[in-house]
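Structure file work_10.pdb with PDB, C-alpha atoms and all ligand atoms:
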```
ATOM      1  CA  MET A  13      55.864  91.294  70.956
ATOM      2  CA  LYS A  14      59.683  91.142  70.959
ATOM      3  CA  LYS A  15      62.212  93.943  70.457
ATOM      4  CA  LEU A  16      64.451  93.264  67.471
ATOM      5  CA  GLU A  17      67.263  95.565  66.301
ATOM      6  CA  GLN A  18      67.486  99.155  67.534
ATOM      7  CA  LEU A  19      66.461 101.517  64.723
ATOM      8  CA  TYR A  20      67.078 104.833  66.430
ATOM      9  CA  GLU A  21      68.193 106.384  69.683
ATOM     10  CA  GLY A  22      66.929 109.859  70.539
ATOM     11  CA  LYS A  23      67.494 112.071  73.563
ATOM     12  CA  ALA A  24      64.717 110.498  75.635
ATOM     13  CA  LYS A  25      63.668 107.349  73.751
ATOM     14  CA  LYS A  26      64.938 104.379  71.784
ATOM     15  CA  VAL A  27      63.025 102.768  68.944
ATOM     16  CA  PHE A  28      63.248  99.067  68.106
ATOM     17  CA  ALA A  29      62.040  97.028  65.136
ATOM     18  CA  THR A  30      59.543  94.205  65.678
ATOM     19  CA  ASP A  31      58.637  91.192  63.527
ATOM     20  CA  ASP A  32      55.760  93.281  62.108
ATOM     21  CA  PRO A  33      57.038  95.835  59.553
ATOM     22  CA  ASN A  34      54.205  98.226  60.454
ATOM     23  CA  LEU A  35      54.959  98.275  64.191
ATOM     24  CA  VAL A  36      57.904  99.433  66.314
ATOM     25  CA  ILE A  37      58.590  99.446  70.059
ATOM     26  CA  VAL A  38      59.386 102.731  71.779
ATOM     27  CA  SER A  39      61.426 102.494  74.977
ATOM     28  CA  TYR A  40      61.418 105.560  77.233
ATOM     29  CA  LYS A  41      64.648 106.529  79.049
ATOM     30  CA  ASP A  42      65.277 108.470  82.253
ATOM     31  CA  ASP A  43      67.785 110.635  80.331
ATOM     32  CA  ALA A  44      66.941 114.305  80.082
ATOM     33  CA  THR A  45      68.438 117.000  77.905
ATOM     34  CA  ALA A  46      67.727 120.688  77.519
ATOM     35  CA  LEU A  47      69.085 123.584  75.471
ATOM     36  CA  ASN A  48      69.174 121.269  72.447
ATOM     37  CA  GLY A  49      71.410 118.711  74.177
ATOM     38  CA  LYS A  50      73.829 121.170  75.821
ATOM     39  CA  LYS A  51      72.433 120.351  79.288
ATOM     40  CA  ARG A  52      72.258 116.665  80.229
ATOM     41  CA  GLY A  53      71.059 114.698  83.218
ATOM     42  CA  THR A  54      68.736 111.961  84.361
ATOM     43  CA  ILE A  55      65.366 112.186  86.021
ATOM     44  CA  ALA A  56      64.809 109.001  88.059
ATOM     45  CA  GLY A  57      61.528 107.321  87.128
ATOM     46  CA  LYS A  58      60.852 109.642  84.170
ATOM     47  CA  GLY A  59      60.871 106.836  81.570
ATOM     48  CA  VAL A  60      58.032 104.977  83.264
ATOM     49  CA  ILE A  61      55.994 108.106  84.013
ATOM     50  CA  ASN A  62      56.322 109.521  80.485
ATOM     51  CA  ASN A  63      55.467 106.168  78.900
ATOM     52  CA  GLN A  64      52.394 105.710  81.075
ATOM     53  CA  MET A  65      51.219 109.325  80.859
ATOM     54  CA  SER A  66      51.657 109.519  77.110
ATOM     55  CA  ASN A  67      49.747 106.271  76.570
ATOM     56  CA  HIS A  68      46.978 107.320  78.951
ATOM     57  CA  LEU A  69      46.531 110.655  77.141
ATOM     58  CA  MET A  70      46.746 109.127  73.657
ATOM     59  CA  LYS A  71      44.015 106.628  74.592
ATOM     60  CA  MET A  72      41.840 109.532  75.797
ATOM     61  CA  LEU A  73      42.497 111.450  72.557
ATOM     62  CA  GLU A  74      41.732 108.374  70.398
ATOM     63  CA  LYS A  75      38.356 108.013  72.153
ATOM     64  CA  ASN A  76      37.706 111.617  71.170
ATOM     65  CA  GLY A  77      38.487 111.214  67.472
ATOM     66  CA  ILE A  78      42.232 111.915  67.229
ATOM     67  CA  PRO A  79      44.143 109.127  65.423
ATOM     68  CA  THR A  80      47.380 108.290  67.282
ATOM     69  CA  HIS A  81      50.325 105.912  66.899
ATOM     70  CA  PHE A  82      49.457 104.084  70.158
ATOM     71  CA  VAL A  83      48.974 100.297  69.927
ATOM     72  CA  GLU A  84      49.826  98.565  73.232
ATOM     73  CA  GLU A  85      51.810  99.219  76.417
ATOM     74  CA  ILE A  86      54.048  96.184  77.018
ATOM     75  CA  SER A  87      56.058  97.212  80.098
ATOM     76  CA  GLY A  88      56.718 100.140  82.399
ATOM     77  CA  THR A  89      58.920 101.842  79.849
ATOM     78  CA  ASP A  90      57.953 100.158  76.554
ATOM     79  CA  THR A  91      55.081 100.593  74.119
ATOM     80  CA  VAL A  92      54.208  99.138  70.729
ATOM     81  CA  VAL A  93      53.337 101.943  68.313
ATOM     82  CA  LYS A  94      52.535 102.188  64.620
ATOM     83  CA  LYS A  95      55.602 102.785  62.494
ATOM     84  CA  VAL A  96      55.282 106.248  60.958
ATOM     85  CA  GLU A  97      57.264 108.626  58.863
ATOM     86  CA  ILE A  98      57.628 111.627  61.136
ATOM     87  CA  VAL A  99      56.610 114.994  59.687
ATOM     88  CA  PRO A 100      59.815 116.938  60.521
ATOM     89  CA  LEU A 101      58.017 119.610  62.540
ATOM     90  CA  GLU A 102      57.569 120.371  66.207
ATOM     91  CA  VAL A 103      53.998 121.605  66.534
ATOM     92  CA  ILE A 104      53.703 123.915  69.545
ATOM     93  CA  VAL A 105      50.371 125.083  70.954
ATOM     94  CA  ARG A 106      50.294 127.892  73.520
ATOM     95  CA  ASN A 107      47.495 129.050  75.804
ATOM     96  CA  VAL A 108      49.593 131.255  78.090
ATOM     97  CA  ALA A 109      52.906 132.993  77.363
ATOM     98  CA  ALA A 110      56.001 131.214  78.715
ATOM     99  CA  GLY A 111      59.457 130.117  77.622
ATOM    100  CA  SER A 112      60.626 131.174  74.178
ATOM    101  CA  LEU A 113      57.409 133.092  73.375
ATOM    102  CA  SER A 114      57.828 135.236  76.478
ATOM    103  CA  LYS A 115      61.421 135.963  75.462
ATOM    104  CA  ARG A 116      60.655 136.655  71.815
ATOM    105  CA  LEU A 117      57.750 139.040  72.445
ATOM    106  CA  GLY A 118      58.798 140.422  75.838
ATOM    107  CA  LEU A 119      55.674 139.047  77.530
ATOM    108  CA  PRO A 120      55.734 138.219  81.245
ATOM    109  CA  GLU A 121      55.357 134.469  81.780
ATOM    110  CA  GLY A 122      51.726 133.796  82.660
ATOM    111  CA  THR A 123      50.203 136.290  80.196
ATOM    112  CA  PRO A 124      47.087 134.585  78.776
ATOM    113  CA  MET A 125      46.705 134.388  74.994
ATOM    114  CA  ARG A 126      43.411 135.718  73.574
ATOM    115  CA  LYS A 127      43.253 132.551  71.481
ATOM    116  CA  PRO A 128      45.512 129.500  71.226
ATOM    117  CA  VAL A 129      48.702 130.098  69.228
ATOM    118  CA  ILE A 130      50.171 127.419  66.949
ATOM    119  CA  GLU A 131      53.873 127.570  66.078
ATOM    120  CA  TYR A 132      55.966 125.242  63.942
ATOM    121  CA  CYS A 133      59.664 124.493  64.327
ATOM    122  CA  TYR A 134      61.663 122.559  61.732
ATOM    123  CA  LYS A 135      63.185 119.498  63.457
ATOM    124  CA  CYS A 136      66.903 119.953  62.861
ATOM    125  CA  ASP A 137      69.345 119.725  65.786
ATOM    126  CA  ALA A 138      72.167 121.319  63.761
ATOM    127  CA  LEU A 139      70.002 124.448  63.306
ATOM    128  CA  ASP A 140      68.501 124.370  66.839
ATOM    129  CA  ASP A 141      64.973 123.617  65.509
ATOM    130  CA  PRO A 142      64.255 127.013  63.897
ATOM    131  CA  MET A 143      60.721 128.426  63.903
ATOM    132  CA  VAL A 144      59.109 128.298  60.449
ATOM    133  CA  ASN A 145      55.679 129.084  58.993
ATOM    134  CA  GLU A 146      53.314 127.324  56.574
ATOM    135  CA  TYR A 147      55.018 129.012  53.603
ATOM    136  CA  HIS A 148      58.436 127.607  54.544
ATOM    137  CA  ILE A 149      56.862 124.192  55.116
ATOM    138  CA  ALA A 150      55.176 124.166  51.682
ATOM    139  CA  ALA A 151      58.205 125.664  49.919
ATOM    140  CA  MET A 152      60.553 123.087  51.421
ATOM    141  CA  GLY A 153      58.079 120.219  50.888
ATOM    142  CA  TRP A 154      58.212 119.122  54.543
ATOM    143  CA  ALA A 155      54.434 118.499  54.453
ATOM    144  CA  ASP A 156      51.721 119.168  51.866
ATOM    145  CA  ASP A 157      48.892 121.668  52.401
ATOM    146  CA  LEU A 158      46.265 119.021  53.150
ATOM    147  CA  THR A 159      48.521 117.394  55.770
ATOM    148  CA  MET A 160      49.112 120.814  57.363
ATOM    149  CA  GLN A 161      45.357 121.525  57.453
ATOM    150  CA  THR A 162      44.853 118.194  59.213
ATOM    151  CA  ILE A 163      47.728 118.856  61.626
ATOM    152  CA  ALA A 164      46.408 122.331  62.578
ATOM    153  CA  LYS A 165      42.873 120.981  63.052
ATOM    154  CA  TYR A 166      44.116 118.100  65.234
ATOM    155  CA  ALA A 167      46.466 120.374  67.209
ATOM    156  CA  LEU A 168      43.614 122.714  68.198
ATOM    157  CA  LYS A 169      41.302 119.805  69.044
ATOM    158  CA  ILE A 170      44.032 118.122  71.105
ATOM    159  CA  ASN A 171      44.534 121.432  72.926
ATOM    160  CA  LYS A 172      40.811 121.666  73.769
ATOM    161  CA  LEU A 173      40.686 118.072  74.982
ATOM    162  CA  LEU A 174      43.890 118.345  77.046
ATOM    163  CA  LEU A 175      42.915 121.724  78.560
ATOM    164  CA  ALA A 176      39.616 120.270  79.813
ATOM    165  CA  TYR A 177      41.267 117.041  80.983
ATOM    166  CA  PHE A 178      44.002 118.781  82.998
ATOM    167  CA  LYS A 179      41.642 121.437  84.390
ATOM    168  CA  LYS A 180      39.865 118.634  86.279
ATOM    169  CA  LEU A 181      43.238 117.749  87.847
ATOM    170  CA  ASN A 182      43.734 121.388  88.951
ATOM    171  CA  VAL A 183      46.471 121.792  86.340
ATOM    172  CA  ASP A 184      46.733 124.619  83.794
ATOM    173  CA  LEU A 185      48.092 123.503  80.428
ATOM    174  CA  ILE A 186      50.297 126.456  79.527
ATOM    175  CA  ASP A 187      51.722 125.077  76.266
ATOM    176  CA  PHE A 188      52.883 121.832  74.695
ATOM    177  CA  LYS A 189      54.774 120.343  71.769
ATOM    178  CA  ILE A 190      53.457 117.480  69.666
ATOM    179  CA  GLU A 191      54.630 115.647  66.573
ATOM    180  CA  PHE A 192      52.734 113.921  63.807
ATOM    181  CA  GLY A 193      53.591 111.097  61.457
ATOM    182  CA  THR A 194      52.116 109.361  58.462
ATOM    183  CA  THR A 195      51.469 105.616  58.491
ATOM    184  CA  ALA A 196      52.126 103.298  55.534
ATOM    185  CA  ASP A 197      48.590 103.985  54.210
ATOM    186  CA  GLY A 198      49.105 107.773  54.415
ATOM    187  CA  THR A 199      47.013 108.465  57.522
ATOM    188  CA  VAL A 200      48.195 111.412  59.629
ATOM    189  CA  VAL A 201      48.496 110.325  63.263
ATOM    190  CA  LEU A 202      49.660 111.906  66.509
ATOM    191  CA  ALA A 203      53.089 110.396  67.294
ATOM    192  CA  ASP A 204      55.976 110.933  69.733
ATOM    193  CA  GLU A 205      54.821 111.663  73.313
ATOM    194  CA  ILE A 206      52.757 113.918  75.555
ATOM    195  CA  SER A 207      54.454 114.189  78.935
ATOM    196  CA  PRO A 208      56.004 116.641  81.412
ATOM    197  CA  ASP A 209      59.009 116.673  79.009
ATOM    198  CA  THR A 210      56.874 118.177  76.261
ATOM    199  CA  CYS A 211      54.238 120.218  78.093
ATOM    200  CA  ARG A 212      54.179 123.068  80.598
ATOM    201  CA  PHE A 213      51.915 122.190  83.508
ATOM    202  CA  TRP A 214      51.240 124.734  86.267
ATOM    203  CA  ASP A 215      49.203 123.960  89.375
ATOM    204  CA  SER A 216      45.999 125.995  88.927
ATOM    205  CA  THR A 217      45.999 127.230  92.525
ATOM    206  CA  THR A 218      49.660 127.790  93.396
ATOM    207  CA  HIS A 219      51.032 128.166  89.788
ATOM    208  CA  GLU A 220      53.819 125.792  90.845
ATOM    209  CA  LYS A 221      55.610 124.300  87.821
ATOM    210  CA  LEU A 222      55.011 120.542  87.432
ATOM    211  CA  ASP A 223      57.098 119.849  84.334
ATOM    212  CA  LYS A 224      60.563 119.759  82.782
ATOM    213  CA  ASP A 225      61.102 123.499  83.310
ATOM    214  CA  ARG A 226      62.232 122.461  86.821
ATOM    215  CA  PHE A 227      65.131 120.589  85.145
ATOM    216  CA  ARG A 228      65.765 123.197  82.420
ATOM    217  CA  ARG A 229      65.954 125.986  85.015
ATOM    218  CA  ASP A 230      67.695 124.059  87.840
ATOM    219  CA  MET A 231      64.762 124.610  90.173
ATOM    220  CA  GLY A 232      65.038 121.310  92.088
ATOM    221  CA  GLY A 233      62.101 119.026  92.879
ATOM    222  CA  VAL A 234      62.219 117.596  89.352
ATOM    223  CA  GLU A 235      61.369 113.958  90.206
ATOM    224  CA  GLU A 236      58.721 115.148  92.658
ATOM    225  CA  ALA A 237      57.019 117.201  89.929
ATOM    226  CA  TYR A 238      56.848 114.216  87.549
ATOM    227  CA  GLU A 239      55.550 112.026  90.394
ATOM    228  CA  GLU A 240      52.925 114.625  91.304
ATOM    229  CA  MET A 241      51.644 114.658  87.715
ATOM    230  CA  ALA A 242      51.600 110.832  87.635
ATOM    231  CA  HIS A 243      49.649 110.884  90.901
ATOM    232  CA  ARG A 244      47.081 113.373  89.601
ATOM    233  CA  LEU A 245      46.530 111.195  86.522
ATOM    234  CA  GLN A 246      46.178 108.193  88.875
ATOM    235  CA  LEU A 247      49.013 106.359  87.126
ATOM    236  CA  ASP A 248      50.575 105.268  90.444
TER
HETATM  237  P1  LIG B   1      59.442 126.870  74.282
HETATM  238  O1  LIG B   1      58.727 127.925  75.063
HETATM  239  O2  LIG B   1      60.811 126.576  74.787
HETATM  240  O3  LIG B   1      59.416 127.162  72.802
HETATM  241  O4  LIG B   1      58.618 125.511  74.466
HETATM  242  C1  LIG B   1      57.240 125.408  74.158
HETATM  243  C2  LIG B   1      56.718 124.041  74.582
HETATM  244  O5  LIG B   1      57.269 123.030  73.773
HETATM  245  C3  LIG B   1      57.052 123.650  76.023
HETATM  246  O6  LIG B   1      55.917 122.991  76.571
HETATM  247  C4  LIG B   1      58.208 122.725  75.901
HETATM  248  C5  LIG B   1      57.996 122.074  74.563
HETATM  249  N1  LIG B   1      59.226 121.788  73.844
HETATM  250  C6  LIG B   1      59.587 120.475  73.582
HETATM  251  O7  LIG B   1      58.886 119.543  73.951
HETATM  252  N2  LIG B   1      60.742 120.241  72.888
HETATM  253  C7  LIG B   1      61.551 121.236  72.455
HETATM  254  O8  LIG B   1      62.581 120.955  71.818
HETATM  255  C8  LIG B   1      61.164 122.597  72.725
HETATM  256  C9  LIG B   1      62.025 123.748  72.272
HETATM  257  C10 LIG B   1      60.004 122.805  73.416
END
```

Represent the structure contained in this file as structure tokens.
Amino acid sequence: MKKLEQLYEGKAKKVFATDDPNLVIVSYKDDATALNGKKRGTIAGKGVINNQMSNHLMKMLEKNGIPTHFVEEISGTDTVVKKVEIVPLEVIVRNVAAGSLSKRLGLPEGTPMRKPVIEYCYKCDALDDPMVNEYHIAAMGWADDLTMQTIAKYALKINKLLLAYFKKLNVDLIDFKIEFGTTADGTVVLADEISPDTCRFWDSTTHEKLDKDRFRRDMGGVEEAYEEMAHRLQLD
């Protein structure tokens, strides 16, 4: 399948049209941003690792009953996916306090949650993706109640499946961000990506960070962390 015109360029990916109106090609970049674009850089090899990891995990989730946008990996960095209308929400699931939750509630990073926490942020760069709840979402018409029930159900199931999957790799899934879209026929599917850009991964034994926090926090060893995750998933 050939890339036609570029439809969109995001911080970490480009999206291209194809000759099938229901399919697009996502092309993953090595570019990295943090603090809503205020911090910029590149992470060598990230595009390939995120493409491969995301596809690998989406295939695993599909086998376990989660509909996803994944269609076919066509190169190191490029994948054919279903064209969707993105629900304008970042869906965050947390198992352990870290990042903005730790700040907001004054919880030391590493504090386990008694049960998984779902948070929603409205996707709007100009507003720095503000946190919202189901009432805001319904009131603003960003998604209807049935779609939100489906999204919450899928988010918790994805969390269970990913927790178990990563545990076998000696990795604790601290939290992650996912996005959903609706296809032309109205089906809600998991879209975007699941990668070290969008998840917090801590080594279960050493608690070493194996994700984009190394870039966000200038910790060094960024490429090595992505490569270590690729290695544990046997993508290399
Ligand atoms: P946070 O603690 O900064 O709110 O992040 C929670 C999780 O969501 C973490 O795994 C990183 C991920 N995330 C994104 O993928 N994109 C974003 O824009 C933000 C804010 C977080």

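Against the coordinates shown, the PyMOL selection byres (((chain A and resi 145-158) around 7) and not hetatm) returns Val99, Pro100, Tyr132, Val144, Thr159, Met160, Gln161 and Thr162 of chain A.
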
Go through A:Leu113, A:Ala196, A:Leu16, A:Met231 one by one, measure the shortest atom-to-atom distance of each to A:Val36 using all atoms listed in the file, and give the residue with the smallest value. A:Leu16

Polymer residues at most 12 Å from A:Leu247, all atoms listed in the file, same-chain spacing of 3 or more positions, as a VMD selection string: chain A and resid 60 to 69 88 238 to 244

Return as a PDB file with C-alpha atoms, in the frame of the given file the set of residues that the PyMOL selection byres (((chain A and resi 92) around 9) and not hetatm) yields on the displayed structure.
```
ATOM      1  CA  MET A  13      55.864  91.294  70.956  1.00  0.00           C
ATOM      2  CA  THR A  30      59.543  94.205  65.678  1.00  0.00           C
ATOM      3  CA  LEU A  35      54.959  98.275  64.191  1.00  0.00           C
ATOM      4  CA  VAL A  36      57.904  99.433  66.314  1.00  0.00           C
ATOM      5  CA  ILE A  37      58.590  99.446  70.059  1.00  0.00           C
ATOM      6  CA  VAL A  38      59.386 102.731  71.779  1.00  0.00           C
ATOM      7  CA  HIS A  81      50.325 105.912  66.899  1.00  0.00           C
ATOM      8  CA  PHE A  82      49.457 104.084  70.158  1.00  0.00           C
ATOM      9  CA  VAL A  83      48.974 100.297  69.927  1.00  0.00           C
ATOM     10  CA  GLU A  84      49.826  98.565  73.232  1.00  0.00           C
ATOM     11  CA  GLU A  85      51.810  99.219  76.417  1.00  0.00           C
ATOM     12  CA  ILE A  86      54.048  96.184  77.018  1.00  0.00           C
ATOM     13  CA  ASP A  90      57.953 100.158  76.554  1.00  0.00           C
ATOM     14  CA  THR A  91      55.081 100.593  74.119  1.00  0.00           C
ATOM     15  CA  VAL A  93      53.337 101.943  68.313  1.00  0.00           C
ATOM     16  CA  LYS A  94      52.535 102.188  64.620  1.00  0.00           C
TER      17      LYS A  94
END
```

Rounded to one decimal place, report the atom CA of A:Asp43-atom CA of A:Lys26 distance in Å. 11.0 Å

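With all atoms listed in the file as the basis for measurement, A:Ile104 is the residue among A:Ile104, A:Met143, A:Ala46, A:Leu168 that approaches A:Asp187 most closely.
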
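Straight-line separation from atom CA of A:Ser112 to atom CA of A:Pro124: 14.7 Å.
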
Nearest to A:Gly232, restricted to all atoms listed in the file and choosing among A:Ile55, A:Cys136, A:Tyr166, A:Leu73, comes out as A:Ile55

How many Å separate atom CA of A:Val105 from atom CA of A:Asp204? 15.3 Å

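In terms of minimum interatomic distance to ligand LIG 1 (chain B), A:Lys221 ranks closest within A:Lys14, A:Lys165, A:Lys75, A:Lys221, counting all atoms listed in the file.
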
Expansion of the PyMOL selection byres (((chain A and resi 183-185) around 10) and not hetatm) into residues, as an NGL selection string: :A and (105-108 or 171 or 174-182 or 186-188 or 211-222 or 241 or 244)

As lines of an AutoDock Vina configuration file: centre and edge lengths in Å, one decimal, of the axis-aligned box holding stretch 206-210 of chain A with 6 Å per side:
```
center_x = 55.9
center_y = 116.0
center_z = 78.5
size_x = 18.3
size_y = 16.3
size_z = 17.9
```

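The residue that comes closest to ligand LIG 1 (chain B), out of A:Asp32, A:Glu236, A:Glu21, A:Glu205 and on the basis of only C-alpha atoms and all ligand atoms, is A:Glu205.
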
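Distances here use all atoms listed in the file; by that measure, the residue among A:Ile78, A:Ala237, A:Met70, A:Ala110 closest to ligand LIG 1 (chain B) is A:Ala110.
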
May I have the residues within 9 Å of A:Lys58 as a ChimeraX atom specification, using only C-alpha atoms and disregarding those fewer than 6 positions away in the same chain? /A:40-44,208-209,235,238-239
